[in-house]
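Q: Would you mind keeping the following structure in view while I ask a few things?
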Amino acid sequence: MNRLIQRLRQADLMKVRAFGISLAVMLALPIIQFVLFAFYARVLGPAKYGVYIALMAWAPICLEVVSMGAGELMIKRAARTPEVFPRALGHFFSATVATFPIAFIIYVAITFQVVKNDLSFWTVAAVGACELMGYRLLVGAENAAIALRNLGAANQFRFLQAFPRGLGVLICYAVFGMRSLSALALAGSLGILLGGLLAAAIARWVFPKAEWNLDRPALREGFWFAGNQLARASQQNIDRVVLSLLVDPATLAVYGAAQRFVQVGILPIQAILRMTYPGFFAEGRKGIAAARRYGQKVLWMVLGAATASCIGLWVFSQAIPFVIGHGFGQSTTYLIWLAPTLLLYACNYVAADTLSGADHQRLRTTLMLSAIAVQSLCFVVLKQGAGLIAAVYAGVGLAAISNWIAVYLLTRRAEKAGALPA
């Protein structure tokens, strides 16, 4: 009995240690992003920084078109059948090459119309190409490590994501003395591309050799994973996407600064979900009820992380004018009211991962896109002051409620079906 208790304690300590390392690695990225954010805000000022937000707003959304969900699908397939990993990795690379042109054209066509008075077409095109290909390779290498349940390698790839943009901006600013918006944006994006190529080279060296193939059934299934990630990226960026078309750059910068800090607060939530994500698929093979039980265990941990992040943002909010400039003073008010949305994000993500784990990916994507459509409409109607805050709560709250209702109804249906006589 004493030996069993000792093993259980050791297992718990290993989980805590793994979470601590994972969280520390994930926090390296926002720390670098925060330094860059403060740097951009002070060097460019609110108006130009608003243009930079508009330049980058569509990149995370178009990124999810690249590879068409092959990275997330790789995690699912390897979690259930580990021997398929080489083909799943090969499909990821093939799908990335095949879908990149589509995402690139969408990004350039939309973004240039928003920033054409401040940036040239070629600047927008170069930034788009570097961001889409570089980040897809960086995230794909991390997906491959997670698929193999190699959390150490996944942490290393996540850590690698923290530095390329900052290094590019540092060289541009400190070495070459270039301080324009276009030069700093290009330097950071070029750093992302070089980091992605390095990650792909490392992945090819340390992981089983990829078997290049373009699997059509995998493309169809991956479409719904891409839709899910597209919905998640849109949920976090739709406000800046819509507002970039409706408000002046200075207003966008003040609101966008507050949302930048909220995204930092989401990272502890994502650290937990990153560790538990394969488990949703493993439990989901047994049905939605098993996936829900697993999700409920994860939910308490995620809510604890969300609460801690919310309190941290409240405490930090008063320092915003001193950190990034007094021109961003109104960001403090936005952040105070937006910080509690972390609890809604936590509930939403766990319910959504429960649906994905039980093979209800289409339903998850449909519900999230519906919530985003409602949120977009709210931003169009309520595009000033408190209306922006109400729009965020409406979109994230609707997503969380609809996803959990879907989990509950599917569980009830499965239980009733199981209770019927053969």
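Scheme for the structure tokens: letters A, B, ... for chains in order shown; per-chain residue numbers from 1; ligand numbers from 1 in order shown.
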Could you pull out the helix (DSSP H, G or I) residues of region 141-196 of chain A, going by DSSP on the backbone, and write them as a PyMOL selection string?
A: chain A and resi 141-147+151-160+164-175+181-196
Q: Quick one: residues within 10 Å of region 63-70 of chain A, only C-alpha atoms, excluding same-chain residues fewer than 6 positions away - as a ChimeraX atom specification?
A: /A:76,88-104,106-107,128,131-137,140,143,215,218-234
Q: I'd like to know which of A:Thr354, A:Ser317, A:Thr251, A:Gln33 is closest to Ala162 (chain A), using only C-alpha atoms.
A: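 Closest to Ala162 (chain A) of all the choices is A:Gln33.
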Q: Excluding same-chain residues fewer than 5 positions from region 390-402 of chain A, what lies within 8 Å of it counting only C-alpha atoms, as JSON, numbers by chain?
A: {"A": [235, 239, 338, 341, 344, 345, 347, 348, 349, 351, 367, 368, 371, 372, 374, 375, 376, 378, 379, 382]}
Q: Please provide as a ChimeraX atom specification all residues within 10 Å of Pro340 (chain A), with the sequence filter that same-chain residues fewer than 5 positions apart are discarded (counting only C-alpha atoms).
A: /A:262,306-307,309-311,313-314,335,345,393
Q: Per residue of region 90-163 of chain A within 10 Å of region 275-279 of chain A, record the nearest atom pair and its distance in Å to one decimal, counting only C-alpha atoms, with rows in chain order and ascending residue number, as a tab-separated table.
A:
residue	atom	partner	partner_atom	distance
A:Ile146	CA	A:Pro278	CA	7.8
A:Ala147	CA	A:Pro278	CA	7.5
A:Leu148	CA	A:Pro278	CA	9.8
A:Arg149	CA	A:Pro278	CA	8.2
A:Leu151	CA	A:Met275	CA	7.7
A:Ala154	CA	A:Met275	CA	9.9
Q: Got time to write the residues from that selection, all heavy atoms, as a PDB file, in the first residue's frame?
A:
ATOM      1  N   ILE A 146       3.761  16.645 -30.281  1.00  0.00           N
ATOM      2  CA  ILE A 146       2.604  16.300 -29.449  1.00  0.00           C
ATOM      3  C   ILE A 146       1.989  14.986 -29.919  1.00  0.00           C
ATOM      4  O   ILE A 146       1.564  14.158 -29.104  1.00  0.00           O
ATOM      5  CB  ILE A 146       1.561  17.439 -29.488  1.00  0.00           C
ATOM      6  CG1 ILE A 146       2.133  18.691 -28.822  1.00  0.00           C
ATOM      7  CG2 ILE A 146       0.273  17.016 -28.791  1.00  0.00           C
ATOM      8  CD1 ILE A 146       1.240  19.908 -28.941  1.00  0.00           C
ATOM      9  N   ALA A 147       1.928  14.782 -31.240  1.00  0.00           N
ATOM     10  CA  ALA A 147       1.380  13.542 -31.783  1.00  0.00           C
ATOM     11  C   ALA A 147       2.150  12.329 -31.301  1.00  0.00           C
ATOM     12  O   ALA A 147       1.576  11.257 -31.077  1.00  0.00           O
ATOM     13  CB  ALA A 147       1.385  13.595 -33.310  1.00  0.00           C
ATOM     14  N   LEU A 148       3.457  12.489 -31.105  1.00  0.00           N
ATOM     15  CA  LEU A 148       4.302  11.395 -30.626  1.00  0.00           C
ATOM     16  C   LEU A 148       4.354  11.349 -29.096  1.00  0.00           C
ATOM     17  O   LEU A 148       5.108  10.556 -28.540  1.00  0.00           O
ATOM     18  CB  LEU A 148       5.720  11.549 -31.177  1.00  0.00           C
ATOM     19  CG  LEU A 148       5.861  11.362 -32.689  1.00  0.00           C
ATOM     20  CD1 LEU A 148       7.273  11.719 -33.147  1.00  0.00           C
ATOM     21  CD2 LEU A 148       5.518   9.936 -33.098  1.00  0.00           C
ATOM     22  N   ARG A 149       3.554  12.179 -28.436  1.00  0.00           N
ATOM     23  CA  ARG A 149       3.532  12.275 -26.967  1.00  0.00           C
ATOM     24  C   ARG A 149       4.910  12.645 -26.422  1.00  0.00           C
ATOM     25  O   ARG A 149       5.270  12.264 -25.303  1.00  0.00           O
ATOM     26  CB  ARG A 149       3.060  10.960 -26.330  1.00  0.00           C
ATOM     27  CG  ARG A 149       1.680  10.487 -26.771  1.00  0.00           C
ATOM     28  CD  ARG A 149       0.571  11.365 -26.210  1.00  0.00           C
ATOM     29  NE  ARG A 149      -0.757  10.863 -26.554  1.00  0.00           N
ATOM     30  CZ  ARG A 149      -1.533  10.183 -25.717  1.00  0.00           C
ATOM     31  NH1 ARG A 149      -1.115   9.913 -24.501  1.00  0.00           N
ATOM     32  NH2 ARG A 149      -2.719   9.767 -26.101  1.00  0.00           N
ATOM     33  N   LEU A 151       6.461  15.464 -25.074  1.00  0.00           N
ATOM     34  CA  LEU A 151       6.205  16.810 -24.572  1.00  0.00           C
ATOM     35  C   LEU A 151       7.485  17.629 -24.473  1.00  0.00           C
ATOM     36  O   LEU A 151       7.473  18.848 -24.652  1.00  0.00           O
ATOM     37  CB  LEU A 151       5.520  16.739 -23.204  1.00  0.00           C
ATOM     38  CG  LEU A 151       4.956  18.054 -22.659  1.00  0.00           C
ATOM     39  CD1 LEU A 151       3.929  18.639 -23.604  1.00  0.00           C
ATOM     40  CD2 LEU A 151       4.355  17.845 -21.278  1.00  0.00           C
ATOM     41  N   ALA A 154       8.056  19.008 -27.857  1.00  0.00           N
ATOM     42  CA  ALA A 154       7.013  20.011 -28.115  1.00  0.00           C
ATOM     43  C   ALA A 154       7.342  21.317 -27.403  1.00  0.00           C
ATOM     44  O   ALA A 154       7.163  22.406 -27.965  1.00  0.00           O
ATOM     45  CB  ALA A 154       5.659  19.482 -27.654  1.00  0.00           C
TER      46      ALA A 154
END
Q: Can you tell me, as JSON, numbers by chain, what residues are no more than 8 Å from Pro249 (chain A) when counting only C-alpha atoms, ignoring any on the same chain fewer than 4 positions away?
A: {"A": [46, 47, 48, 49, 50, 51, 244, 253]}
Q: If you measure from CA of Ile405 (chain A) to CA of Gly284 (chain A), what distance in Å do you get, rounded to one decimal?
A: 17.5 Å
Q: List the spatial neighbours of Ile171 (chain A) as a list in words - criterion: any atom at most 12 Å away, only C-alpha atoms, same-chain residues fewer than 6 positions off excluded.
A: Pro164, Arg165, Gly177, Met178, Arg179, Ala183, Leu184, Leu186, Ala187, Gly188, Leu190 and Gly191 of chain A
Q: Please indicate the distance in Å from CA of Ala305 (chain A) to CA of Phe261 (chain A), rounded to one decimal place.
A: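 Separation between CA of Ala305 (chain A) and CA of Phe261 (chain A): 15.2 Å.
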Q: Quick one: pull the distance between CA of Ala141 (chain A) and CA of Ala203 (chain A), Å, one decimal.
A: 5.9 Å
Q: Taking only C-alpha atoms into account, name the residue in A:Ala129, A:Pro208, A:Ile31, A:Ile320 that is nearest to Glu83 (chain A).
A: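 Comparing A:Ala129, A:Pro208, A:Ile31, A:Ile320 against Glu83 (chain A), the winner is A:Pro208.
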